[in-house]
>>> print(open('structure-v5.pdb').read())   # PDB, C-alpha atoms
ATOM      1  CA  MET A  20     184.404   9.292 128.217
ATOM      2  CA  PRO A  21     181.482  11.303 126.839
ATOM      3  CA  THR A  22     182.351  13.947 124.288
ATOM      4  CA  PRO A  23     182.106  17.391 125.880
ATOM      5  CA  SER A  24     179.403  19.619 124.460
ATOM      6  CA  PRO A  25     180.806  22.355 122.229
ATOM      7  CA  LYS A  26     180.648  25.863 123.581
ATOM      8  CA  PRO A  27     177.624  27.719 122.190
ATOM      9  CA  LEU A  28     178.435  30.298 119.545
ATOM     10  CA  GLN A  29     178.174  33.897 120.731
ATOM     11  CA  PRO A  30     177.742  35.992 117.571
ATOM     12  CA  LEU A  31     176.486  38.955 119.608
ATOM     13  CA  LYS A  32     179.441  39.090 121.985
ATOM     14  CA  GLY A  33     180.406  42.728 122.470
ATOM     15  CA  ILE A  34     176.993  43.986 121.301
ATOM     16  CA  ARG A  35     174.985  46.058 123.775
ATOM     17  CA  VAL A  36     171.218  45.653 123.589
ATOM     18  CA  LEU A  37     168.969  48.087 125.435
ATOM     19  CA  SER A  38     165.383  46.931 125.862
ATOM     20  CA  LEU A  39     162.248  48.850 126.798
ATOM     21  CA  ALA A  40     160.004  45.906 125.859
ATOM     22  CA  LEU A  41     157.669  44.410 128.459
ATOM     23  CA  ASN A  42     155.553  41.263 128.907
ATOM     24  CA  LEU A  43     156.725  38.245 126.847
ATOM     25  CA  PRO A  44     157.985  38.773 123.251
ATOM     26  CA  GLY A  45     160.531  41.482 124.088
ATOM     27  CA  PRO A  46     161.990  39.821 127.193
ATOM     28  CA  ALA A  47     162.098  36.459 125.374
ATOM     29  CA  ALA A  48     163.993  38.098 122.509
ATOM     30  CA  LEU A  49     166.341  39.737 125.011
ATOM     31  CA  MET A  50     166.932  36.341 126.646
ATOM     32  CA  ARG A  51     167.929  34.916 123.245
ATOM     33  CA  CYS A  52     170.273  37.860 122.642
ATOM     34  CA  ARG A  53     171.926  37.311 125.991
ATOM     35  CA  GLN A  54     172.351  33.612 125.168
ATOM     36  CA  MET A  55     174.106  34.716 121.969
ATOM     37  CA  GLY A  56     176.575  36.772 123.989
ATOM     38  CA  ALA A  57     175.044  40.254 124.015
ATOM     39  CA  SER A  58     175.293  42.544 127.016
ATOM     40  CA  CYS A  59     171.652  43.204 127.867
ATOM     41  CA  ILE A  60     170.178  46.152 129.738
ATOM     42  CA  LYS A  61     166.496  46.767 130.363
ATOM     43  CA  LEU A  62     164.700  49.874 131.549
ATOM     44  CA  GLU A  63     161.354  49.186 133.200
ATOM     45  CA  PRO A  64     158.683  51.627 134.406
ATOM     46  CA  PRO A  65     158.495  52.192 138.177
ATOM     47  CA  SER A  66     155.592  49.728 138.340
ATOM     48  CA  GLY A  67     157.809  47.041 136.839
ATOM     49  CA  ASP A  68     157.154  44.548 134.070
ATOM     50  CA  PRO A  69     153.664  42.974 134.312
ATOM     51  CA  MET A  70     155.304  39.553 133.831
ATOM     52  CA  GLY A  71     157.071  40.061 137.144
ATOM     53  CA  HIS A  72     153.700  40.363 138.861
ATOM     54  CA  TYR A  73     151.719  37.524 137.310
ATOM     55  CA  ASN A  74     154.516  34.957 136.838
ATOM     56  CA  LYS A  75     157.645  35.561 138.885
ATOM     57  CA  ALA A  76     159.319  32.325 137.772
ATOM     58  CA  ALA A  77     158.952  33.207 134.100
ATOM     59  CA  TYR A  78     160.193  36.744 134.742
ATOM     60  CA  ALA A  79     163.259  35.430 136.591
ATOM     61  CA  GLN A  80     164.212  33.063 133.768
ATOM     62  CA  LEU A  81     163.660  35.667 131.072
ATOM     63  CA  HIS A  82     165.836  38.229 132.853
ATOM     64  CA  GLU A  83     168.672  36.048 134.081
ATOM     65  CA  GLY A  84     171.892  37.921 133.352
ATOM     66  CA  VAL A  85     170.039  41.085 132.306
ATOM     67  CA  LYS A  86     170.812  44.356 134.080
ATOM     68  CA  VAL A  87     167.393  45.775 134.990
ATOM     69  CA  SER A  88     166.879  49.397 136.027
ATOM     70  CA  SER A  89     163.815  51.527 136.639
ATOM     71  CA  ALA A  90     163.008  54.720 134.741
ATOM     72  CA  ASP A  91     159.808  56.671 134.175
ATOM     73  CA  LEU A  92     160.231  57.676 130.548
ATOM     74  CA  LYS A  93     157.454  60.269 130.876
ATOM     75  CA  THR A  94     159.626  62.349 133.204
ATOM     76  CA  GLU A  95     162.727  64.422 132.568
ATOM     77  CA  ALA A  96     164.783  62.232 134.904
ATOM     78  CA  GLY A  97     163.597  59.114 133.119
ATOM     79  CA  GLN A  98     164.453  60.583 129.722
ATOM     80  CA  LYS A  99     167.938  61.432 130.938
ATOM     81  CA  ALA A 100     168.432  57.852 132.173
ATOM     82  CA  LEU A 101     167.176  56.555 128.830
ATOM     83  CA  HIS A 102     169.544  58.691 126.778
ATOM     84  CA  ARG A 103     172.505  57.789 128.956
ATOM     85  CA  ALA A 104     171.769  54.157 128.115
ATOM     86  CA  LEU A 105     171.148  54.912 124.434
ATOM     87  CA  ALA A 106     174.523  56.644 124.124
ATOM     88  CA  SER A 107     176.347  53.343 124.675
ATOM     89  CA  ALA A 108     173.836  50.934 123.109
ATOM     90  CA  ASP A 109     174.149  49.195 119.744
ATOM     91  CA  VAL A 110     170.534  48.040 119.439
ATOM     92  CA  LEU A 111     167.326  49.357 120.995
ATOM     93  CA  LEU A 112     164.516  46.820 121.443
ATOM     94  CA  THR A 113     160.988  48.209 121.836
ATOM     95  CA  SER A 114     157.438  46.865 121.936
ATOM     96  CA  PHE A 115     155.346  50.061 121.869
ATOM     97  CA  ARG A 116     152.863  51.146 119.246
ATOM     98  CA  PRO A 117     154.390  53.692 116.816
ATOM     99  CA  SER A 118     152.322  56.517 118.322
ATOM    100  CA  ALA A 119     153.653  55.725 121.790
ATOM    101  CA  LEU A 120     157.236  55.765 120.475
ATOM    102  CA  GLU A 121     156.640  59.224 119.020
ATOM    103  CA  LYS A 122     155.300  60.493 122.348
ATOM    104  CA  LEU A 123     158.431  59.182 124.056
ATOM    105  CA  LYS A 124     160.563  60.926 121.394
ATOM    106  CA  LEU A 125     161.775  57.562 120.156
ATOM    107  CA  GLY A 126     160.533  57.745 116.582
ATOM    108  CA  TRP A 127     163.126  56.302 114.225
ATOM    109  CA  LYS A 128     163.816  59.506 112.292
ATOM    110  CA  ALA A 129     164.717  61.504 115.397
ATOM    111  CA  LEU A 130     166.479  58.582 117.039
ATOM    112  CA  HIS A 131     168.625  57.852 113.992
ATOM    113  CA  LYS A 132     169.613  61.493 113.675
ATOM    114  CA  GLN A 133     170.749  61.652 117.285
ATOM    115  CA  TYR A 134     172.363  58.187 117.371
ATOM    116  CA  PRO A 135     173.367  57.269 113.801
ATOM    117  CA  GLY A 136     175.147  54.085 114.846
ATOM    118  CA  LEU A 137     172.179  52.762 116.831
ATOM    119  CA  SER A 138     169.776  50.190 115.364
ATOM    120  CA  GLN A 139     166.198  49.700 116.497
ATOM    121  CA  VAL A 140     164.161  46.498 116.503
ATOM    122  CA  ALA A 141     160.519  47.430 117.031
ATOM    123  CA  ILE A 142     158.138  44.643 118.015
ATOM    124  CA  VAL A 143     154.548  45.486 117.034
ATOM    125  CA  GLY A 144     151.315  43.539 116.899
ATOM    126  CA  ALA A 145     150.639  43.838 113.187
ATOM    127  CA  PRO A 146     152.785  45.238 110.365
ATOM    128  CA  GLY A 147     152.772  48.649 108.740
ATOM    129  CA  ALA A 148     149.552  50.626 108.974
ATOM    130  CA  ARG A 149     148.015  47.991 111.281
ATOM    131  CA  ALA A 150     150.652  48.522 113.973
ATOM    132  CA  GLU A 151     148.252  50.696 116.004
ATOM    133  CA  GLU A 152     145.593  47.958 116.175
ATOM    134  CA  PRO A 153     145.086  46.281 119.575
ATOM    135  CA  GLY A 154     145.763  42.568 119.741
ATOM    136  CA  HIS A 155     147.462  39.721 121.541
ATOM    137  CA  ASP A 156     148.847  36.289 120.808
ATOM    138  CA  LEU A 157     145.371  34.722 120.710
ATOM    139  CA  THR A 158     143.956  37.183 118.175
ATOM    140  CA  TYR A 159     146.971  36.846 115.888
ATOM    141  CA  LEU A 160     146.679  33.061 115.971
ATOM    142  CA  ALA A 161     142.940  33.236 115.309
ATOM    143  CA  ASP A 162     143.519  35.578 112.366
ATOM    144  CA  ASN A 163     145.799  32.947 110.835
ATOM    145  CA  GLY A 164     143.521  29.956 111.353
ATOM    146  CA  LEU A 165     145.461  28.518 114.288
ATOM    147  CA  VAL A 166     142.659  28.462 116.881
ATOM    148  CA  GLY A 167     140.331  25.485 116.726
ATOM    149  CA  GLY A 168     137.050  25.234 118.624
ATOM    150  CA  LEU A 169     136.837  26.856 122.060
ATOM    151  CA  ALA A 170     140.112  25.499 123.449
ATOM    152  CA  LEU A 171     143.026  27.872 123.966
ATOM    153  CA  PRO A 172     146.266  27.015 122.121
ATOM    154  CA  PRO A 173     148.705  25.067 124.337
ATOM    155  CA  THR A 174     151.357  27.798 124.207
ATOM    156  CA  LEU A 175     151.894  31.389 123.070
ATOM    157  CA  TYR A 176     153.018  30.659 119.532
ATOM    158  CA  ALA A 177     152.879  34.201 118.117
ATOM    159  CA  ASP A 178     154.721  35.709 121.097
ATOM    160  CA  MET A 179     157.480  33.125 121.113
ATOM    161  CA  GLY A 180     157.744  33.015 117.320
ATOM    162  CA  GLY A 181     157.902  36.805 117.324
ATOM    163  CA  SER A 182     160.656  36.745 119.943
ATOM    164  CA  LEU A 183     162.753  34.509 117.694
ATOM    165  CA  MET A 184     162.166  36.858 114.765
ATOM    166  CA  ALA A 185     163.165  39.803 116.968
ATOM    167  CA  SER A 186     166.414  38.172 118.084
ATOM    168  CA  GLU A 187     167.062  37.313 114.432
ATOM    169  CA  ALA A 188     166.458  40.987 113.617
ATOM    170  CA  VAL A 189     169.096  41.970 116.194
ATOM    171  CA  LEU A 190     171.552  39.747 114.317
ATOM    172  CA  GLN A 191     170.491  41.299 110.993
ATOM    173  CA  ALA A 192     170.887  44.799 112.405
ATOM    174  CA  THR A 193     174.341  43.956 113.735
ATOM    175  CA  LEU A 194     175.482  42.657 110.338
ATOM    176  CA  ALA A 195     174.020  45.682 108.565
ATOM    177  CA  GLN A 196     175.678  48.095 110.978
ATOM    178  CA  ARG A 197     179.034  46.422 110.492
ATOM    179  CA  ALA A 198     178.658  46.538 106.723
ATOM    180  CA  LYS A 199     177.323  50.094 106.395
ATOM    181  CA  GLY A 200     178.591  51.783 109.550
ATOM    182  CA  LYS A 201     175.149  53.031 110.543
ATOM    183  CA  GLY A 202     172.115  51.746 112.345
ATOM    184  CA  VAL A 203     168.984  50.298 110.743
ATOM    185  CA  PHE A 204     165.325  50.054 111.706
ATOM    186  CA  ILE A 205     163.587  46.651 111.624
ATOM    187  CA  GLU A 206     159.938  46.101 112.471
ATOM    188  CA  VAL A 207     158.862  42.672 113.742
ATOM    189  CA  ALA A 208     155.113  41.954 113.775
ATOM    190  CA  LEU A 209     153.667  39.239 115.991
ATOM    191  CA  SER A 210     150.879  38.674 113.473
ATOM    192  CA  SER A 211     153.551  37.997 110.840
ATOM    193  CA  ALA A 212     155.145  35.456 113.180
ATOM    194  CA  ALA A 213     151.757  33.738 113.486
ATOM    195  CA  GLY A 214     151.411  33.825 109.698
ATOM    196  CA  TYR A 215     154.821  32.209 109.302
ATOM    197  CA  LEU A 216     153.905  29.453 111.740
ATOM    198  CA  ALA A 217     150.638  28.972 109.845
ATOM    199  CA  LEU A 218     152.320  28.348 106.468
ATOM    200  CA  PRO A 219     152.128  24.522 106.713
ATOM    201  CA  ARG A 220     148.394  24.861 107.283
ATOM    202  CA  SER A 221     147.988  27.242 104.351
ATOM    203  CA  TRP A 222     149.737  24.644 102.173
ATOM    204  CA  GLY A 223     147.228  22.024 103.356
ATOM    205  CA  LEU A 224     149.816  19.914 105.183
ATOM    206  CA  THR A 225     148.096  20.056 108.579
ATOM    207  CA  LEU A 226     144.488  20.030 107.391
ATOM    208  CA  PRO A 227     142.557  16.777 108.070
ATOM    209  CA  THR A 228     143.236  15.765 104.461
ATOM    210  CA  GLY A 229     146.975  16.517 104.757
ATOM    211  CA  SER A 230     149.771  14.051 105.329
ATOM    212  CA  VAL A 231     150.593  15.535 108.743
ATOM    213  CA  GLY A 232     147.010  16.474 109.584
ATOM    214  CA  GLY A 233     145.727  12.959 110.221
ATOM    215  CA  ALA A 234     145.209  11.532 106.737
ATOM    216  CA  HIS A 235     148.454   9.504 106.857
ATOM    217  CA  ALA A 236     148.028   6.533 109.215
ATOM    218  CA  GLY A 237     151.647   6.812 110.341
ATOM    219  CA  TYR A 238     151.317  10.381 111.573
ATOM    220  CA  ARG A 239     148.618  10.548 114.199
ATOM    221  CA  VAL A 240     147.874  10.413 117.917
ATOM    222  CA  TYR A 241     146.242   7.097 118.863
ATOM    223  CA  PRO A 242     144.892   5.714 122.120
ATOM    224  CA  CYS A 243     146.876   2.845 123.606
ATOM    225  CA  ARG A 244     146.072   0.475 126.442
ATOM    226  CA  ASP A 245     147.073   2.855 129.243
ATOM    227  CA  GLY A 246     147.346   6.250 127.576
ATOM    228  CA  ARG A 247     148.118   7.751 124.192
ATOM    229  CA  VAL A 248     150.858   7.439 121.620
ATOM    230  CA  ALA A 249     152.042  10.088 119.173
ATOM    231  CA  VAL A 250     153.214   8.263 116.060
ATOM    232  CA  ALA A 251     155.381  10.046 113.473
ATOM    233  CA  ALA A 252     156.211   7.233 111.036
ATOM    234  CA  LEU A 253     155.952   9.445 107.978
ATOM    235  CA  GLU A 254     158.940   8.355 105.874
ATOM    236  CA  PRO A 255     158.485   5.072 103.943
ATOM    237  CA  HIS A 256     160.978   3.055 106.024
ATOM    238  CA  PHE A 257     159.379   4.190 109.279
ATOM    239  CA  ALA A 258     155.891   3.485 107.905
ATOM    240  CA  ALA A 259     157.016   0.024 106.808
ATOM    241  CA  ALA A 260     158.347  -0.757 110.297
ATOM    242  CA  LEU A 261     155.094   0.414 111.895
ATOM    243  CA  CYS A 262     152.964  -1.596 109.481
ATOM    244  CA  ALA A 263     155.082  -4.697 109.990
ATOM    245  CA  ALA A 264     154.573  -4.437 113.738
ATOM    246  CA  ALA A 265     150.827  -3.915 113.285
ATOM    247  CA  GLY A 266     150.478  -6.745 110.781
ATOM    248  CA  VAL A 267     149.559  -4.518 107.841
ATOM    249  CA  ALA A 268     150.564  -6.251 104.613
ATOM    250  CA  SER A 269     151.188  -3.173 102.443
ATOM    251  CA  ALA A 270     153.017  -0.046 103.527
ATOM    252  CA  ASP A 271     153.288   1.970 100.314
ATOM    253  CA  MET A 272     152.222   5.609 100.318
ATOM    254  CA  ARG A 273     148.708   4.949  99.030
ATOM    255  CA  ALA A 274     148.116   2.279 101.659
ATOM    256  CA  MET A 275     149.013   4.701 104.455
ATOM    257  CA  PHE A 276     146.012   6.843 103.502
ATOM    258  CA  ALA A 277     143.579   3.925 103.359
ATOM    259  CA  PRO A 278     140.892   3.597 106.087
ATOM    260  CA  THR A 279     141.755  -0.071 106.565
ATOM    261  CA  THR A 280     145.358   0.851 107.427
ATOM    262  CA  HIS A 281     144.163   3.415 109.957
ATOM    263  CA  GLN A 282     141.890   0.806 111.521
ATOM    264  CA  ALA A 283     144.571  -1.876 111.686
ATOM    265  CA  ILE A 284     147.171   0.377 113.277
ATOM    266  CA  ALA A 285     144.626   1.806 115.732
ATOM    267  CA  ALA A 286     143.532  -1.698 116.753
ATOM    268  CA  PHE A 287     147.142  -2.826 117.248
ATOM    269  CA  LEU A 288     148.147   0.173 119.352
ATOM    270  CA  LEU A 289     145.048  -0.127 121.536
ATOM    271  CA  THR A 290     146.254  -3.550 122.727
ATOM    272  CA  ARG A 291     149.708  -2.335 123.753
ATOM    273  CA  THR A 292     150.810  -0.517 126.898
ATOM    274  CA  ARG A 293     153.019   2.552 126.845
ATOM    275  CA  ARG A 294     155.914   0.476 128.157
ATOM    276  CA  GLN A 295     155.471  -2.093 125.374
ATOM    277  CA  LEU A 296     155.319   0.643 122.757
ATOM    278  CA  ASP A 297     158.431   2.363 124.096
ATOM    279  CA  LYS A 298     160.254  -0.965 123.805
ATOM    280  CA  LEU A 299     158.897  -1.512 120.300
ATOM    281  CA  ALA A 300     160.073   1.942 119.215
ATOM    282  CA  ALA A 301     163.613   1.242 120.419
ATOM    283  CA  GLU A 302     163.793  -2.232 118.890
ATOM    284  CA  LYS A 303     162.195  -1.463 115.519
ATOM    285  CA  ASP A 304     163.384   2.137 115.065
ATOM    286  CA  ILE A 305     159.865   3.612 114.978
ATOM    287  CA  PRO A 306     159.444   7.309 115.828
ATOM    288  CA  LEU A 307     156.741   7.439 118.492
ATOM    289  CA  HIS A 308     156.260   8.991 121.917
ATOM    290  CA  THR A 309     153.887   7.666 124.537
ATOM    291  CA  LEU A 310     151.817   9.935 126.765
ATOM    292  CA  ALA A 311     149.606   9.518 129.805
ATOM    293  CA  THR A 312     145.883   9.936 129.212
TER     294      THR A 312
END
>>> encode(input="structure-v5.pdb", output="structure tokens")
Amino acid sequence: MPTPSPKPLQPLKGIRVLSLALNLPGPAALMRCRQMGASCIKLEPPSGDPMGHYNKAAYAQLHEGVKVSSADLKTEAGQKALHRALASADVLLTSFRPSALEKLKLGWKALHKQYPGLSQVAIVGAPGARAEEPGHDLTYLADNGLVGGLALPPTLYADMGGSLMASEAVLQATLAQRAKGKGVFIEVALSSAAGYLALPRSWGLTLPTGSVGGAHAGYRVYPCRDGRVAVAALEPHFAAALCAAAGVASADMRAMFAPTTHQAIAAFLLTRTRRQLDKLAAEKDIPLHTLAT
């Protein structure tokens, strides 16, 4: 019988997270918090979350298990609804600019005075003094050298990376509150998330001259007979298995950077179908994944 999967840990069980954050990073962070056991409540403006209008499927997945209510925070009734929710919350998740938080009377100084046990995780575009600057995922990626040519990145790296940092911040805030008995303020910047994701590039690893940027013959995307193949034979034993299959005599580290090795492996893979390569990977323990053209 197959071994049953262990139950996921729920380190946030019993923690109440109130979110005012819209679009993607905030709801994605809230989804992670719910998966970690938190009770999640969200207050949306009367017009709803924009995500609910332009991608209903994404909105539904992000808010599964989240109690969503409507409140116009610019009105007295909306403020009353907000403070009723704040009175029983452990963490407040926001994604407004600092100036907007002040207008809504949600600046940290006033909030902490009124609710000393409450923590706040504030998602912003850029850190510190740059938090008022306009921006989006694409601009944060571009600022960190993660946009090449005119093609858009295949996913929203800064938003999703920022959502992970925000859910991590909720965990940090929970630990701090338990240790000190009072809430803390943590700012999470999407541009910082992009910068974190860009670290391998800043180290040169993913540049064309880097070992995982195309210079190593065992770590590249090659054409094959009926599609493409992503090869990740970076470690010496994987590289040796790949070279043996391709008929390359030497598989030491220096050889993997040689043009002749690139040419030999490319020529070999071009003669094989995806099905043949999938079989080869299983038989010879080579990390590769075939793709349609």
>>> resolve_selection(input="structure-v5.pdb", expression="the PyMOL selection byres ((chain A and resi 58) around 10)", output="list in words")
Leu31, Lys32, Gly33, Ile34, Arg35, Val36, Leu37, Leu49, Cys52, Arg53, Gln54, Met55, Gly56, Ala57, Cys59, Ile60, Gly84, Val85, Lys86, Ala108 and Asp109 of chain A
>>> atom_distance(input="structure-v5.pdb", atom1="atom CA of A:Gly136", atom2="atom CA of A:Leu41")
24.2 Å
>>> residues_around(input="structure-v5.pdb", residues="A:Gln139", least_positions_apart="3", cutoff="9 Å", atoms="all atoms listed in the file", output="ChimeraX atom specification")
/A:109-113,127,130-131,189,192,202-206
>>> write_last_selection(input="structure-v5.pdb", atoms="C-alpha atoms", output="tab-separated table (two decimals), in the coordinates of the input")
chain	number	residue	atom	x	y	z
A	109	ASP	CA	174.15	49.20	119.74
A	110	VAL	CA	170.53	48.04	119.44
A	111	LEU	CA	167.33	49.36	121.00
A	112	LEU	CA	164.52	46.82	121.44
A	113	THR	CA	160.99	48.21	121.84
A	127	TRP	CA	163.13	56.30	114.22
A	130	LEU	CA	166.48	58.58	117.04
A	131	HIS	CA	168.62	57.85	113.99
A	189	VAL	CA	169.10	41.97	116.19
A	192	ALA	CA	170.89	44.80	112.40
A	202	GLY	CA	172.12	51.75	112.34
A	203	VAL	CA	168.98	50.30	110.74
A	204	PHE	CA	165.32	50.05	111.71
A	205	ILE	CA	163.59	46.65	111.62
A	206	GLU	CA	159.94	46.10	112.47
>>> residues_around(input="structure-v5.pdb", residues="A:Phe276", least_positions_apart="3", cutoff="12 Å", atoms="only C-alpha atoms", output="ChimeraX atom specification")
/A:227-239,253,258,269-273,279-282,284
>>> residues_around(input="structure-v5.pdb", residues="A:Ala217", least_positions_apart="3", cutoff="10 Å", atoms="only C-alpha atoms", output="mmCIF file with C-alpha atoms, keeping the file's coordinate frame")
data_model
loop_
_atom_site.group_PDB
_atom_site.id
_atom_site.type_symbol
_atom_site.label_atom_id
_atom_site.label_comp_id
_atom_site.auth_asym_id
_atom_site.auth_seq_id
_atom_site.Cartn_x
_atom_site.Cartn_y
_atom_site.Cartn_z
ATOM 1 C CA LEU A 160 146.679 33.061 115.971
ATOM 2 C CA ASN A 163 145.799 32.947 110.835
ATOM 3 C CA GLY A 164 143.521 29.956 111.353
ATOM 4 C CA LEU A 165 145.461 28.518 114.288
ATOM 5 C CA SER A 211 153.551 37.997 110.840
ATOM 6 C CA ALA A 212 155.145 35.456 113.180
ATOM 7 C CA ALA A 213 151.757 33.738 113.486
ATOM 8 C CA GLY A 214 151.411 33.825 109.698
ATOM 9 C CA ARG A 220 148.394 24.861 107.283
ATOM 10 C CA SER A 221 147.988 27.242 104.351
ATOM 11 C CA TRP A 222 149.737 24.644 102.173
ATOM 12 C CA THR A 225 148.096 20.056 108.579
#
>>> resolve_selection(input="structure-v5.pdb", expression="the PyMOL selection byres ((chain A and resi 106) around 10)", output="number ranges by chain")
A: 101-105, 107-109, 133-134, 136-137
>>> residues_around(input="structure-v5.pdb", residues="A:Thr94", least_positions_apart="6", cutoff="12 Å", atoms="all atoms listed in the file", output="PyMOL selection string")
chain A and resi 64-65+100-101+122-124
>>> write_last_selection(input="structure-v5.pdb", atoms="C-alpha atoms", output="short mmCIF file (atom, residue, chain, number, x, y, z; two decimals), keeping the file's coordinate frame")
data_model
loop_
_atom_site.label_atom_id
_atom_site.label_comp_id
_atom_site.auth_asym_id
_atom_site.auth_seq_id
_atom_site.Cartn_x
_atom_site.Cartn_y
_atom_site.Cartn_z
CA PRO A 64 158.68 51.63 134.41
CA PRO A 65 158.50 52.19 138.18
CA ALA A 100 168.43 57.85 132.17
CA LEU A 101 167.18 56.56 128.83
CA LYS A 122 155.30 60.49 122.35
CA LEU A 123 158.43 59.18 124.06
CA LYS A 124 160.56 60.93 121.39
#
>>> closest_residue(input="structure-v5.pdb", among="A:Arg244, A:Ala150, A:Ala119, A:His72", to="A:Thr290", atoms="only C-alpha atoms")
A:Arg244
